[in-house]
Amino acid sequence: MKITEVLYSRMSFSFEVFPPKTDAGMEKLRTALQHFYAYKPDFISCTYGAGGSNAGRNVEVCQAIKEDGQTEVMTHFTCIGNTREKITSELQHYVSLGIENILAMRGDLPAGWEGTRGDFSYADGLIRYIEKEFPDFCIAAACYPEKHILAPSFAADIAHLRSKQDNGAEFLCSQLCHDVEAYKAFIYRIREAGITVPVVLGVMPALDKDAIIRMTVSNGCSIPAELAAIIGKYGEDPEEFKKAGIEYTIEQIFRFMEAGIDGLHLYTLNKWEDVETILDGSGIRKDI
Ligand code: FAD
């Protein structure tokens, strides 16, 4: 099923997982998936190692979700370091597995790279190619509520986002964003710019001080005063930080839902116990 079918009828609810590197990690993820299914997500997305690293495991995870038959799957995909031929064969493989949803991106350029060293320079070209050659895919694109870190200006970034829509992106998945007001302003700006497709909000739970600072800062996102205060108060105590961070994440989910979002996409970091605490606290309860 195409994810847009849900997005045009109601708010979607979904998870993101990443492909583990080892067989033991894969076993753990299979257990985690069983727990995630209990919350009846509309879909689960699986990240794609930059430049195709660990791409085999991405396929393994997508195939496992598909075969479990409990929810839809969306694969992430990037074009850096990827030729048209290789992209074509990877996409054909997804199609053969029955995967219908794809988040098509450029990928981060590794240090020292001038361009993508592949046949597509930006996501919009990849999206155009998928739309033309694989018209049955439901295509999503990445968006950045606080601007892509390397974009010269917000206006330029939004113009590039518009190009992704115009080339075939049917919905958008956002980078993590802790700032509700910034998110609302972003939605206003993109609607003004003629971007009409639904936007799924990405929520990164605050579970670990170093990880949340690294992920937030490296993506050029802001840390609101409330989160900064938690970092300051519990930064030296991982257990207490996690408790306060989970509480903060639950409140954030409420705030964003109150602000009005088209979809809620939780970055699970493959940690089902913490995800359960967050979802039960948010009232997004599983069927027992
Ligand atoms: P683009 O849309 O190509 O944009 C990249 C930069 O170039 C931006 O600054 C943009 O403003 C600019 N730009 C775009 N088009 C043009 C143009 N035509 N001319 C000039 N400038 C242009 N990475 C992974 O490796 N694997 C993943 O699984 C993954 N999942 C992600 C999931 C989400 C929800 C998000 C938000 C990001 C994810 N990323 C992932 C990271 C992503 O690959 C990086 O943010 C990457 O730097 C940009 O990808 P993009 O598709 O947005 O690029």
# chains A, B, ... in the order shown; residues from 1 in each chain; ligands from 1
$ residues_around --residues "range 138-142 of chain A" --least-positions-apart "4" --cutoff "7 Å" --atoms "only C-alpha atoms" --output "tab-separated table (two decimals) with C-alpha atoms, in the first residue's frame"
chain	number	residue	atom	x	y	z
A	2	LYS	CA	1.16	3.51	-0.76
A	100	GLU	CA	6.18	0.28	-2.82
A	101	ASN	CA	7.44	3.25	-0.77
A	102	ILE	CA	10.83	4.93	-1.07
A	103	LEU	CA	12.41	7.96	0.62
A	104	ALA	CA	14.69	9.19	-2.16
A	105	MET	CA	17.65	11.33	-1.07
A	164	LYS	CA	11.54	17.64	-5.29
A	168	GLY	CA	7.51	13.52	-8.21
A	169	ALA	CA	7.84	13.53	-4.41
A	170	GLU	CA	4.41	12.72	-3.00
A	171	PHE	CA	5.15	13.48	0.63
A	172	LEU	CA	7.97	14.81	2.81
A	173	CYS	CA	9.75	13.35	5.83
A	174	SER	CA	11.33	15.90	8.12
$ closest_atom_pairs --of "chain A" --to "ligand 1" --cutoff "8 Å" --atoms "only C-alpha atoms and all ligand atoms" --output "tab-separated table"
residue	atom	partner	partner_atom_place_in_ligand_line	distance
A:Phe18	CA	ligand 1	28 (O)	7.8
A:Cys46	CA	ligand 1	28 (O)	6.9
A:Thr47	CA	ligand 1	28 (O)	3.4
A:Tyr48	CA	ligand 1	28 (O)	4.0
A:Gly49	CA	ligand 1	26 (N)	5.2
A:Ala50	CA	ligand 1	25 (O)	3.5
A:Gly51	CA	ligand 1	25 (O)	6.6
A:Thr75	CA	ligand 1	28 (O)	8.0
A:His76	CA	ligand 1	28 (O)	4.7
A:Phe77	CA	ligand 1	28 (O)	6.2
A:Thr78	CA	ligand 1	25 (O)	6.0
A:Leu103	CA	ligand 1	32 (C)	7.4
A:Ala104	CA	ligand 1	51 (O)	6.3
A:Met105	CA	ligand 1	51 (O)	3.0
A:Arg106	CA	ligand 1	51 (O)	4.0
A:Gly107	CA	ligand 1	43 (O)	2.9
A:Asp108	CA	ligand 1	47 (O)	3.8
A:Leu109	CA	ligand 1	47 (O)	6.6
A:Ser121	CA	ligand 1	3 (O)	6.9
A:Tyr122	CA	ligand 1	3 (O)	3.4
A:Ala123	CA	ligand 1	3 (O)	3.9
A:Asp124	CA	ligand 1	15 (N)	6.2
A:Gly125	CA	ligand 1	18 (N)	7.8
A:Ala141	CA	ligand 1	51 (O)	6.4
A:Ala142	CA	ligand 1	36 (C)	4.4
A:Cys143	CA	ligand 1	36 (C)	5.3
A:Tyr144	CA	ligand 1	36 (C)	6.1
A:Lys147	CA	ligand 1	9 (O)	7.7
A:His148	CA	ligand 1	9 (O)	4.9
A:Ile149	CA	ligand 1	9 (O)	6.4
A:Leu150	CA	ligand 1	9 (O)	4.6
A:Ala151	CA	ligand 1	9 (O)	3.5
A:Pro152	CA	ligand 1	9 (O)	7.1
A:Ser153	CA	ligand 1	11 (O)	7.9
A:Ala156	CA	ligand 1	11 (O)	6.0
A:Asp157	CA	ligand 1	11 (O)	3.8
A:Ile158	CA	ligand 1	11 (O)	7.2
A:Ala159	CA	ligand 1	11 (O)	7.7
A:His160	CA	ligand 1	15 (N)	4.7
A:Leu161	CA	ligand 1	2 (O)	6.5
A:Ser163	CA	ligand 1	15 (N)	7.5
A:Lys164	CA	ligand 1	2 (O)	7.0
A:Leu172	CA	ligand 1	34 (C)	7.9
A:Cys173	CA	ligand 1	34 (C)	4.6
A:Ser174	CA	ligand 1	34 (C)	4.8
A:Gln175	CA	ligand 1	36 (C)	3.6
A:Leu176	CA	ligand 1	36 (C)	7.2
A:Gly202	CA	ligand 1	34 (C)	6.4
A:Asn219	CA	ligand 1	45 (O)	7.6
$ write_last_selection --atoms "N, CA and C atoms" --output "tab-separated table (two decimals), in the first residue's frame"
chain	number	residue	atom	x	y	z
A	18	PHE	N	17.10	1.23	11.84
A	18	PHE	CA	18.30	1.21	11.00
A	18	PHE	C	18.77	-0.24	10.86
A	46	CYS	N	13.21	2.03	6.90
A	46	CYS	CA	14.55	1.53	7.23
A	46	CYS	C	15.59	2.38	6.52
A	47	THR	N	16.57	2.88	7.27
A	47	THR	CA	17.59	3.75	6.70
A	47	THR	C	18.49	2.97	5.74
A	48	TYR	N	19.23	3.74	4.93
A	48	TYR	CA	20.10	3.18	3.90
A	48	TYR	C	21.49	3.73	4.16
A	49	GLY	N	22.45	2.84	4.36
A	49	GLY	CA	23.82	3.29	4.69
A	49	GLY	C	24.34	4.23	3.63
A	50	ALA	N	24.92	5.36	4.07
A	50	ALA	CA	25.40	6.37	3.12
A	50	ALA	C	26.27	5.71	2.06
A	51	GLY	N	25.96	6.04	0.80
A	51	GLY	CA	26.76	5.51	-0.30
A	51	GLY	C	26.55	4.03	-0.53
A	75	THR	N	11.57	2.05	2.27
A	75	THR	CA	13.02	2.06	2.31
A	75	THR	C	13.55	3.47	2.09
A	76	HIS	N	14.66	3.80	2.76
A	76	HIS	CA	15.40	5.02	2.45
A	76	HIS	C	16.36	4.65	1.32
A	77	PHE	N	16.74	5.62	0.53
A	77	PHE	CA	17.67	5.34	-0.58
A	77	PHE	C	18.44	6.61	-0.91
A	78	THR	N	19.74	6.46	-1.17
A	78	THR	CA	20.53	7.66	-1.53
A	78	THR	C	21.27	7.44	-2.85
A	103	LEU	N	11.98	6.60	0.26
A	103	LEU	CA	12.41	7.96	0.62
A	103	LEU	C	13.70	8.21	-0.15
A	104	ALA	N	13.58	9.01	-1.21
A	104	ALA	CA	14.69	9.19	-2.16
A	104	ALA	C	15.50	10.43	-1.80
A	105	MET	N	16.79	10.22	-1.53
A	105	MET	CA	17.65	11.33	-1.07
A	105	MET	C	18.98	11.36	-1.80
A	106	ARG	N	19.67	12.47	-1.61
A	106	ARG	CA	21.04	12.54	-2.14
A	106	ARG	C	21.98	11.77	-1.23
A	107	GLY	N	21.91	12.00	0.08
A	107	GLY	CA	22.89	11.45	1.02
A	107	GLY	C	23.90	12.52	1.38
A	108	ASP	N	24.53	12.36	2.52
A	108	ASP	CA	25.56	13.32	2.96
A	108	ASP	C	26.84	13.08	2.17
A	109	LEU	N	27.48	14.16	1.75
A	109	LEU	CA	28.74	14.01	1.02
A	109	LEU	C	29.86	13.74	2.03
A	121	SER	N	23.21	14.50	-9.07
A	121	SER	CA	23.88	15.46	-8.18
A	121	SER	C	23.04	15.80	-6.96
A	122	TYR	N	21.72	15.77	-7.14
A	122	TYR	CA	20.82	16.13	-6.03
A	122	TYR	C	19.63	15.17	-6.03
A	123	ALA	N	18.88	15.25	-4.92
A	123	ALA	CA	17.74	14.33	-4.78
A	123	ALA	C	16.70	14.55	-5.88
A	124	ASP	N	16.52	15.81	-6.32
A	124	ASP	CA	15.43	16.03	-7.30
A	124	ASP	C	15.65	15.22	-8.59
A	125	GLY	N	16.92	15.08	-9.01
A	125	GLY	CA	17.21	14.29	-10.21
A	125	GLY	C	16.90	12.81	-9.98
A	141	ALA	N	10.39	12.57	-0.01
A	141	ALA	CA	11.66	13.32	-0.04
A	141	ALA	C	11.93	13.87	1.35
A	142	ALA	N	13.20	14.15	1.60
A	142	ALA	CA	13.60	14.69	2.91
A	142	ALA	C	13.39	16.21	2.95
A	143	CYS	N	12.99	16.72	4.13
A	143	CYS	CA	12.90	18.17	4.29
A	143	CYS	C	13.48	18.58	5.64
A	144	TYR	N	13.78	19.86	5.76
A	144	TYR	CA	14.58	20.36	6.88
A	144	TYR	C	13.91	21.58	7.50
A	147	LYS	N	16.20	24.32	7.97
A	147	LYS	CA	17.07	24.47	6.80
A	147	LYS	C	18.13	23.37	6.76
A	148	HIS	N	18.40	22.87	5.55
A	148	HIS	CA	19.52	21.92	5.40
A	148	HIS	C	20.80	22.65	5.77
A	149	ILE	N	21.64	21.95	6.51
A	149	ILE	CA	22.80	22.63	7.10
A	149	ILE	C	23.70	23.31	6.05
A	150	LEU	N	23.75	22.77	4.84
A	150	LEU	CA	24.65	23.34	3.83
A	150	LEU	C	23.95	24.27	2.84
A	151	ALA	N	22.65	24.43	2.98
A	151	ALA	CA	21.93	25.30	2.03
A	151	ALA	C	22.36	26.76	2.27
A	152	PRO	N	22.59	27.51	1.21
A	152	PRO	CA	23.05	28.89	1.38
A	152	PRO	C	22.00	29.78	2.06
A	153	SER	N	20.72	29.46	1.88
A	153	SER	CA	19.67	30.26	2.52
A	153	SER	C	18.42	29.39	2.65
A	156	ALA	N	16.55	29.35	-0.67
A	156	ALA	CA	17.12	28.43	-1.67
A	156	ALA	C	16.74	26.99	-1.32
A	157	ASP	N	16.78	26.66	-0.04
A	157	ASP	CA	16.46	25.29	0.38
A	157	ASP	C	15.00	24.96	0.05
A	158	ILE	N	14.12	25.93	0.27
A	158	ILE	CA	12.69	25.71	0.00
A	158	ILE	C	12.45	25.60	-1.52
A	159	ALA	N	13.21	26.37	-2.29
A	159	ALA	CA	13.09	26.26	-3.76
A	159	ALA	C	13.52	24.85	-4.20
A	160	HIS	N	14.56	24.33	-3.58
A	160	HIS	CA	15.00	22.97	-3.93
A	160	HIS	C	13.98	21.93	-3.47
A	161	LEU	N	13.33	22.21	-2.35
A	161	LEU	CA	12.27	21.31	-1.86
A	161	LEU	C	11.10	21.30	-2.84
A	163	SER	N	11.31	21.78	-5.92
A	163	SER	CA	11.74	21.00	-7.09
A	163	SER	C	11.55	19.50	-6.84
A	164	LYS	N	11.75	19.07	-5.59
A	164	LYS	CA	11.54	17.64	-5.29
A	164	LYS	C	10.06	17.29	-5.47
A	172	LEU	N	6.66	14.42	2.27
A	172	LEU	CA	7.97	14.81	2.81
A	172	LEU	C	8.16	14.20	4.19
A	173	CYS	N	9.40	13.82	4.49
A	173	CYS	CA	9.75	13.35	5.83
A	173	CYS	C	10.76	14.33	6.40
A	174	SER	N	10.48	14.83	7.59
A	174	SER	CA	11.33	15.90	8.12
A	174	SER	C	12.50	15.35	8.92
A	175	GLN	N	13.54	16.17	8.92
A	175	GLN	CA	14.65	15.97	9.83
A	175	GLN	C	14.13	16.20	11.25
A	176	LEU	N	14.86	15.69	12.24
A	176	LEU	CA	14.46	15.94	13.63
A	176	LEU	C	14.31	17.44	13.85
A	202	GLY	N	9.60	14.08	11.88
A	202	GLY	CA	10.51	13.12	12.50
A	202	GLY	C	10.81	13.53	13.94
A	219	ASN	N	23.28	18.32	12.55
A	219	ASN	CA	22.30	18.59	11.50
A	219	ASN	C	21.89	20.07	11.44
$ atom_distance --atom1 "CA of Gln165 in chain A" --atom2 "CA of Leu269 in chain A"
28.1 Å
$ atom_distance --atom1 "CA of Thr83 in chain A" --atom2 "CA of Gly98 in chain A"
22.9 Å
